[in-house]
>>> print(open('structure_5.pdb').read())   # PDB, C-alpha atoms, pLDDT in the B column
ATOM      1  CA  MET K   1       0.000   0.000   0.000  1.00 63.00           C
ATOM      2  CA  THR K   2       1.445   3.387  -0.952  1.00 77.00           C
ATOM      3  CA  LYS K   3       1.716   6.348   1.400  1.00 72.00           C
ATOM      4  CA  GLN K   4      -1.018   8.143  -0.546  1.00 73.00           C
ATOM      5  CA  ASN K   5      -3.392   5.163  -0.303  1.00 82.00           C
ATOM      6  CA  THR K   6      -2.687   4.893   3.426  1.00 84.00           C
ATOM      7  CA  ARG K   7      -3.318   8.610   3.867  1.00 81.00           C
ATOM      8  CA  THR K   8      -6.598   8.396   1.957  1.00 85.00           C
ATOM      9  CA  LEU K   9      -7.771   5.392   3.965  1.00 88.00           C
ATOM     10  CA  VAL K  10      -6.871   7.047   7.288  1.00 88.00           C
ATOM     11  CA  LEU K  11      -8.506  10.343   6.257  1.00 87.00           C
ATOM     12  CA  ALA K  12     -11.708   8.564   5.197  1.00 92.00           C
ATOM     13  CA  ALA K  13     -11.868   6.579   8.443  1.00 94.00           C
ATOM     14  CA  LEU K  14     -11.273   9.699  10.550  1.00 92.00           C
ATOM     15  CA  LEU K  15     -13.893  11.666   8.645  1.00 93.00           C
ATOM     16  CA  ALA K  16     -16.425   8.851   9.044  1.00 97.00           C
ATOM     17  CA  ALA K  17     -15.723   8.739  12.789  1.00 96.00           C
ATOM     18  CA  PHE K  18     -15.905  12.538  13.127  1.00 94.00           C
ATOM     19  CA  THR K  19     -19.194  12.517  11.221  1.00 95.00           C
ATOM     20  CA  THR K  20     -20.647   9.906  13.574  1.00 97.00           C
ATOM     21  CA  VAL K  21     -19.528  11.834  16.654  1.00 95.00           C
ATOM     22  CA  ALA K  22     -20.679  15.219  15.334  1.00 92.00           C
ATOM     23  CA  THR K  23     -24.078  13.770  14.503  1.00 92.00           C
ATOM     24  CA  MET K  24     -24.524  12.197  17.935  1.00 92.00           C
ATOM     25  CA  MET K  25     -22.822  14.809  20.111  1.00 90.00           C
ATOM     26  CA  ILE K  26     -25.321  17.680  20.022  1.00 83.00           C
ATOM     27  CA  ARG K  27     -28.844  16.701  18.993  1.00 84.00           C
ATOM     28  CA  ILE K  28     -31.744  19.103  19.028  1.00 83.00           C
ATOM     29  CA  PRO K  29     -35.012  17.115  18.768  1.00 82.00           C
ATOM     30  CA  THR K  30     -37.645  18.278  16.288  1.00 78.00           C
ATOM     31  CA  PRO K  31     -41.409  17.816  16.508  1.00 79.00           C
ATOM     32  CA  THR K  32     -41.203  15.445  13.532  1.00 72.00           C
ATOM     33  CA  MET K  33     -39.281  12.790  15.533  1.00 72.00           C
ATOM     34  CA  GLY K  34     -35.940  13.713  13.956  1.00 75.00           C
ATOM     35  CA  TYR K  35     -33.173  15.927  15.239  1.00 79.00           C
ATOM     36  CA  ILE K  36     -30.951  18.786  14.126  1.00 80.00           C
ATOM     37  CA  HIS K  37     -27.234  18.059  14.538  1.00 86.00           C
ATOM     38  CA  LEU K  38     -23.765  19.206  13.506  1.00 88.00           C
ATOM     39  CA  GLY K  39     -23.060  16.124  11.407  1.00 91.00           C
ATOM     40  CA  ASP K  40     -24.122  17.765   8.165  1.00 90.00           C
ATOM     41  CA  GLY K  41     -21.114  20.053   8.410  1.00 91.00           C
ATOM     42  CA  LEU K  42     -18.881  17.004   8.521  1.00 95.00           C
ATOM     43  CA  VAL K  43     -20.779  15.374   5.651  1.00 96.00           C
ATOM     44  CA  LEU K  44     -19.960  18.329   3.427  1.00 96.00           C
ATOM     45  CA  LEU K  45     -16.367  18.368   4.664  1.00 95.00           C
ATOM     46  CA  CYS K  46     -16.015  14.683   3.769  1.00 95.00           C
ATOM     47  CA  GLY K  47     -16.690  15.500   0.121  1.00 96.00           C
ATOM     48  CA  ILE K  48     -14.408  18.526   0.193  1.00 94.00           C
ATOM     49  CA  LEU K  49     -11.418  17.056   2.049  1.00 92.00           C
ATOM     50  CA  ALA K  50     -11.445  13.470   0.766  1.00 92.00           C
ATOM     51  CA  GLY K  51     -12.882  14.215  -2.670  1.00 93.00           C
ATOM     52  CA  PRO K  52     -16.329  13.343  -3.972  1.00 96.00           C
ATOM     53  CA  GLY K  53     -15.912   9.545  -4.199  1.00 96.00           C
ATOM     54  CA  ILE K  54     -14.068   8.628  -1.002  1.00 96.00           C
ATOM     55  CA  GLY K  55     -15.772  11.507   0.821  1.00 96.00           C
ATOM     56  CA  ALA K  56     -19.190  10.161  -0.150  1.00 98.00           C
ATOM     57  CA  ILE K  57     -18.365   6.751   1.298  1.00 97.00           C
ATOM     58  CA  ALA K  58     -16.990   8.275   4.528  1.00 98.00           C
ATOM     59  CA  ALA K  59     -20.008  10.572   4.934  1.00 98.00           C
ATOM     60  CA  GLY K  60     -22.480   7.784   4.224  1.00 98.00           C
ATOM     61  CA  ILE K  61     -20.846   5.362   6.657  1.00 98.00           C
ATOM     62  CA  GLY K  62     -20.388   7.957   9.411  1.00 97.00           C
ATOM     63  CA  SER K  63     -23.963   9.215   9.191  1.00 97.00           C
ATOM     64  CA  MET K  64     -25.408   5.729   8.919  1.00 97.00           C
ATOM     65  CA  LEU K  65     -23.495   4.620  12.027  1.00 97.00           C
ATOM     66  CA  ALA K  66     -24.918   7.576  13.945  1.00 96.00           C
ATOM     67  CA  ASP K  67     -28.425   6.394  13.031  1.00 94.00           C
ATOM     68  CA  VAL K  68     -27.633   2.812  14.041  1.00 96.00           C
ATOM     69  CA  PHE K  69     -26.079   3.838  17.373  1.00 95.00           C
ATOM     70  CA  SER K  70     -28.932   6.281  18.114  1.00 90.00           C
ATOM     71  CA  GLY K  71     -31.789   3.850  17.554  1.00 90.00           C
ATOM     72  CA  TYR K  72     -32.862   5.159  14.127  1.00 88.00           C
ATOM     73  CA  MET K  73     -32.192   1.861  12.351  1.00 93.00           C
ATOM     74  CA  ALA K  74     -35.118   2.306   9.941  1.00 90.00           C
ATOM     75  CA  TRP K  75     -33.392   5.435   8.637  1.00 92.00           C
ATOM     76  CA  ALA K  76     -29.870   3.973   8.332  1.00 96.00           C
ATOM     77  CA  PRO K  77     -30.036   2.712   4.705  1.00 96.00           C
ATOM     78  CA  ALA K  78     -31.579   5.951   3.468  1.00 96.00           C
ATOM     79  CA  THR K  79     -29.131   8.009   5.507  1.00 96.00           C
ATOM     80  CA  PHE K  80     -26.199   6.178   3.925  1.00 98.00           C
ATOM     81  CA  ILE K  81     -27.451   6.978   0.417  1.00 98.00           C
ATOM     82  CA  ILE K  82     -28.626  10.538   1.138  1.00 98.00           C
ATOM     83  CA  LYS K  83     -25.502  11.631   3.032  1.00 98.00           C
ATOM     84  CA  ALA K  84     -23.212   9.966   0.478  1.00 98.00           C
ATOM     85  CA  ALA K  85     -25.015  11.847  -2.295  1.00 98.00           C
ATOM     86  CA  THR K  86     -24.771  15.081  -0.294  1.00 98.00           C
ATOM     87  CA  ALA K  87     -21.002  14.689   0.153  1.00 98.00           C
ATOM     88  CA  PHE K  88     -20.528  13.663  -3.482  1.00 98.00           C
ATOM     89  CA  ILE K  89     -22.410  16.680  -4.862  1.00 98.00           C
ATOM     90  CA  GLY K  90     -20.738  19.078  -2.423  1.00 97.00           C
ATOM     91  CA  GLY K  91     -17.264  17.709  -3.084  1.00 96.00           C
ATOM     92  CA  MET K  92     -17.718  17.654  -6.849  1.00 97.00           C
ATOM     93  CA  ILE K  93     -18.929  21.260  -7.017  1.00 97.00           C
ATOM     94  CA  PHE K  94     -16.273  22.469  -4.544  1.00 96.00           C
ATOM     95  CA  HIS K  95     -13.446  20.963  -6.602  1.00 94.00           C
ATOM     96  CA  LYS K  96     -14.813  22.265  -9.919  1.00 96.00           C
ATOM     97  CA  LEU K  97     -14.874  25.857  -8.605  1.00 95.00           C
ATOM     98  CA  HIS K  98     -11.129  25.895  -7.855  1.00 88.00           C
ATOM     99  CA  THR K  99     -10.729  29.574  -8.841  1.00 92.00           C
ATOM    100  CA  VAL K 100     -13.348  30.790  -6.351  1.00 93.00           C
ATOM    101  CA  PRO K 101     -12.234  31.742  -2.797  1.00 92.00           C
ATOM    102  CA  VAL K 102     -12.643  28.826  -0.370  1.00 91.00           C
ATOM    103  CA  PRO K 103     -15.403  30.241   1.883  1.00 92.00           C
ATOM    104  CA  VAL K 104     -17.520  31.237  -1.129  1.00 94.00           C
ATOM    105  CA  ARG K 105     -16.765  27.928  -2.824  1.00 95.00           C
ATOM    106  CA  THR K 106     -17.877  26.075   0.303  1.00 95.00           C
ATOM    107  CA  VAL K 107     -21.210  27.910   0.344  1.00 96.00           C
ATOM    108  CA  LEU K 108     -21.745  27.470  -3.408  1.00 97.00           C
ATOM    109  CA  ALA K 109     -21.048  23.744  -3.079  1.00 97.00           C
ATOM    110  CA  GLY K 110     -23.005  23.378   0.144  1.00 97.00           C
ATOM    111  CA  ILE K 111     -26.314  24.851  -0.965  1.00 97.00           C
ATOM    112  CA  PRO K 112     -27.087  22.288  -3.699  1.00 98.00           C
ATOM    113  CA  ALA K 113     -25.552  19.505  -1.596  1.00 98.00           C
ATOM    114  CA  GLU K 114     -27.821  20.296   1.358  1.00 96.00           C
ATOM    115  CA  ALA K 115     -30.775  20.599  -1.030  1.00 97.00           C
ATOM    116  CA  VAL K 116     -30.074  16.961  -1.965  1.00 97.00           C
ATOM    117  CA  MET K 117     -30.263  16.084   1.739  1.00 96.00           C
ATOM    118  CA  VAL K 118     -33.572  17.912   2.231  1.00 96.00           C
ATOM    119  CA  LEU K 119     -35.163  16.393  -0.876  1.00 97.00           C
ATOM    120  CA  GLY K 120     -33.741  12.942  -0.142  1.00 97.00           C
ATOM    121  CA  TYR K 121     -35.222  12.777   3.344  1.00 94.00           C
ATOM    122  CA  TYR K 122     -38.530  14.207   2.115  1.00 96.00           C
ATOM    123  CA  ALA K 123     -38.773  11.502  -0.561  1.00 96.00           C
ATOM    124  CA  TYR K 124     -37.854   8.787   1.955  1.00 95.00           C
ATOM    125  CA  GLU K 125     -40.418  10.025   4.485  1.00 93.00           C
ATOM    126  CA  VAL K 126     -43.110  10.076   1.797  1.00 96.00           C
ATOM    127  CA  GLY K 127     -42.150   6.497   0.900  1.00 95.00           C
ATOM    128  CA  LEU K 128     -42.321   5.416   4.548  1.00 93.00           C
ATOM    129  CA  ALA K 129     -45.757   6.987   4.944  1.00 93.00           C
ATOM    130  CA  MET K 130     -46.971   5.264   1.794  1.00 95.00           C
ATOM    131  CA  ALA K 131     -45.537   1.941   2.996  1.00 94.00           C
ATOM    132  CA  GLY K 132     -47.590   2.501   6.148  1.00 93.00           C
ATOM    133  CA  GLY K 133     -50.771   2.776   4.112  1.00 94.00           C
ATOM    134  CA  SER K 134     -51.069   6.492   3.296  1.00 92.00           C
ATOM    135  CA  ALA K 135     -51.995   7.692  -0.168  1.00 95.00           C
ATOM    136  CA  LEU K 136     -49.331   9.655  -2.042  1.00 94.00           C
ATOM    137  CA  GLN K 137     -51.021  13.038  -1.616  1.00 95.00           C
ATOM    138  CA  ALA K 138     -51.640  12.508   2.105  1.00 94.00           C
ATOM    139  CA  ALA K 139     -48.065  11.262   2.598  1.00 93.00           C
ATOM    140  CA  ALA K 140     -46.628  14.236   0.720  1.00 94.00           C
ATOM    141  CA  ILE K 141     -48.612  16.715   2.790  1.00 93.00           C
ATOM    142  CA  ALA K 142     -47.977  15.010   6.131  1.00 90.00           C
ATOM    143  CA  THR K 143     -44.223  14.715   5.660  1.00 90.00           C
ATOM    144  CA  ALA K 144     -43.818  18.290   4.443  1.00 93.00           C
ATOM    145  CA  ALA K 145     -43.681  19.352   8.113  1.00 89.00           C
ATOM    146  CA  GLY K 146     -40.151  17.955   8.348  1.00 88.00           C
ATOM    147  CA  VAL K 147     -38.774  19.994   5.443  1.00 93.00           C
ATOM    148  CA  PRO K 148     -38.174  23.249   7.374  1.00 92.00           C
ATOM    149  CA  PHE K 149     -36.267  21.348  10.071  1.00 90.00           C
ATOM    150  CA  ASN K 150     -34.106  19.652   7.451  1.00 91.00           C
ATOM    151  CA  ILE K 151     -33.426  23.059   5.898  1.00 93.00           C
ATOM    152  CA  VAL K 152     -32.285  24.366   9.290  1.00 90.00           C
ATOM    153  CA  GLN K 153     -30.109  21.267   9.700  1.00 89.00           C
ATOM    154  CA  GLY K 154     -28.568  21.856   6.269  1.00 92.00           C
ATOM    155  CA  ALA K 155     -27.939  25.548   7.009  1.00 93.00           C
ATOM    156  CA  ALA K 156     -26.281  24.643  10.314  1.00 90.00           C
ATOM    157  CA  GLY K 157     -24.146  22.090   8.490  1.00 91.00           C
ATOM    158  CA  LEU K 158     -23.088  24.680   5.956  1.00 94.00           C
ATOM    159  CA  ILE K 159     -22.043  27.110   8.699  1.00 94.00           C
ATOM    160  CA  VAL K 160     -20.124  24.363  10.520  1.00 91.00           C
ATOM    161  CA  SER K 161     -18.288  23.402   7.335  1.00 94.00           C
ATOM    162  CA  VAL K 162     -17.291  27.003   6.565  1.00 94.00           C
ATOM    163  CA  VAL K 163     -15.917  27.385  10.099  1.00 93.00           C
ATOM    164  CA  LEU K 164     -14.130  24.005  10.307  1.00 91.00           C
ATOM    165  CA  LEU K 165     -12.686  23.791   6.784  1.00 91.00           C
ATOM    166  CA  PRO K 166      -9.686  26.078   7.444  1.00 89.00           C
ATOM    167  CA  VAL K 167      -8.814  24.161  10.618  1.00 86.00           C
ATOM    168  CA  LEU K 168      -9.127  20.715   9.045  1.00 77.00           C
ATOM    169  CA  SER K 169      -7.326  21.824   5.877  1.00 76.00           C
ATOM    170  CA  LYS K 170      -4.364  22.969   7.946  1.00 75.00           C
ATOM    171  CA  ALA K 171      -4.293  19.658   9.832  1.00 67.00           C
ATOM    172  CA  SER K 172      -4.476  17.774   6.526  1.00 64.00           C
ATOM    173  CA  ARG K 173      -1.540  19.746   5.088  1.00 67.00           C
ATOM    174  CA  GLU K 174       0.501  19.009   8.203  1.00 66.00           C
ATOM    175  CA  LEU K 175      -0.317  15.318   7.891  1.00 57.00           C
ATOM    176  CA  ASP K 176       0.788  15.392   4.232  1.00 60.00           C
ATOM    177  CA  HIS K 177       4.052  17.031   5.249  1.00 57.00           C
ATOM    178  CA  ARG K 178       4.725  14.372   7.889  1.00 57.00           C
ATOM    179  CA  ILE K 179       3.896  11.516   5.530  1.00 55.00           C
ATOM    180  CA  GLN K 180       6.296  12.869   2.894  1.00 58.00           C
ATOM    181  CA  ALA K 181       9.106  13.367   5.426  1.00 54.00           C
TER     182      ALA K 181
END
>>> encode(input="structure_5.pdb", output="structure tokens")
Amino acid sequence: MTKQNTRTLVLAALLAAFTTVATMMIRIPTPTMGYIHLGDGLVLLCGILAGPGIGAIAAGIGSMLADVFSGYMAWAPATFIIKAATAFIGGMIFHKLHTVPVPVRTVLAGIPAEAVMVLGYYAYEVGLAMAGGSALQAAAIATAAGVPFNIVQGAAGLIVSVVLLPVLSKASRELDHRIQA
């Protein structure tokens, strides 16, 4: 295994663990049985720091583990897919806008990425309601109550990622320097 492969594997594992911890550490319950947490900031950072592919896997695993450990097992498969897609979209856009200043680039990448999260959970909740016997229209209306809370969660995640990116980028550069030494 090369030094670069080792670095990538370690970075992905650390990001997955940080995502799990950030999701579980501070949880603000919502009336819709979910919770607002800081994990979305780490999800976006996974895609930015590890790249869209590896970052998506790290974000999906970390977020899914938080669901499993927190008793939200029914959400775990959807969370893996939704958070992986969020990190992938965010990371892809961030890396394509390489001429834009980092804070602006983070916001420009984060908005569509968090929109994927909001829409993904809305679609999953509609599907769950329909699986429980609701008609499509009733399910769509009933689950719409969770959308504003997911938007707040996404906005909080975006703020967290803008604040933490400079710190984690510096740590990543120092790790690169030590690996090459």
>>> resolve_selection(input="structure_5.pdb", expression="the PyMOL selection byres ((chain K and resi 86) around 6)", output="ChimeraX atom specification")
/K:83-85,87-89,113,116-117
>>> resolve_selection(input="structure_5.pdb", expression="the PyMOL selection byres ((chain K and resi 31-45) around 8)", output="PyMOL selection string")
chain K and resi 15+18-30+46-50+55-56+59-60+63+83-84+86-87+90-91+110+113+145-146+149-150+152-154+156-161+165
>>> closest_residue(input="structure_5.pdb", among="K:Ile151, K:Ile111, K:Ala16, K:Val102", to="Leu65 (chain K)", atoms="only C-alpha atoms")
K:Ala16
>>> residues_near_point(input="structure_5.pdb", point="(-36.6, 15.1, 1.0)", cutoff="10 Å", atoms="only C-alpha atoms", output="ChimeraX atom specification")
/K:82,115-126,143-144,146-147,150-151
>>> axis_aligned_box(input="structure_5.pdb", around="region 58-67 of chain K", padding_each_side="3 Å", output="lines of an AutoDock Vina configuration file")
center_x = -22.7
center_y = 7.6
center_z = 9.1
size_x = 17.4
size_y = 12.0
size_z = 15.7
>>> atom_distance(input="structure_5.pdb", atom1="CA of Leu9 (chain K)", atom2="CA of Tyr72 (chain K)")
27.1 Å
>>> closest_residue(input="structure_5.pdb", among="K:Ala78, K:Ala58, K:Pro148, K:Gly51", to="Leu14 (chain K)", atoms="all atoms listed in the file")
K:Ala58
>>> atom_distance(input="structure_5.pdb", atom1="CA of Thr8 (chain K)", atom2="CA of Ile54 (chain K)")
8.0 Å
>>> atom_distance(input="structure_5.pdb", atom1="CA of Thr99 (chain K)", atom2="CA of Val167 (chain K)")
20.3 Å
>>> residues_around(input="structure_5.pdb", residues="Ala74 (chain K)", least_positions_apart="5", cutoff="12 Å", atoms="all atoms listed in the file", output="number ranges by chain")
K: 64, 67-69, 79-80, 124-125, 128
>>> closest_residue(input="structure_5.pdb", among="K:Val100, K:Ser70, K:Ala12, K:Pro166", to="Ile57 (chain K)", atoms="only C-alpha atoms")
K:Ala12
>>> closest_residue(input="structure_5.pdb", among="K:Met92, K:Val162, K:Ala135, K:Met73", to="Thr106 (chain K)", atoms="only C-alpha atoms")
K:Val162
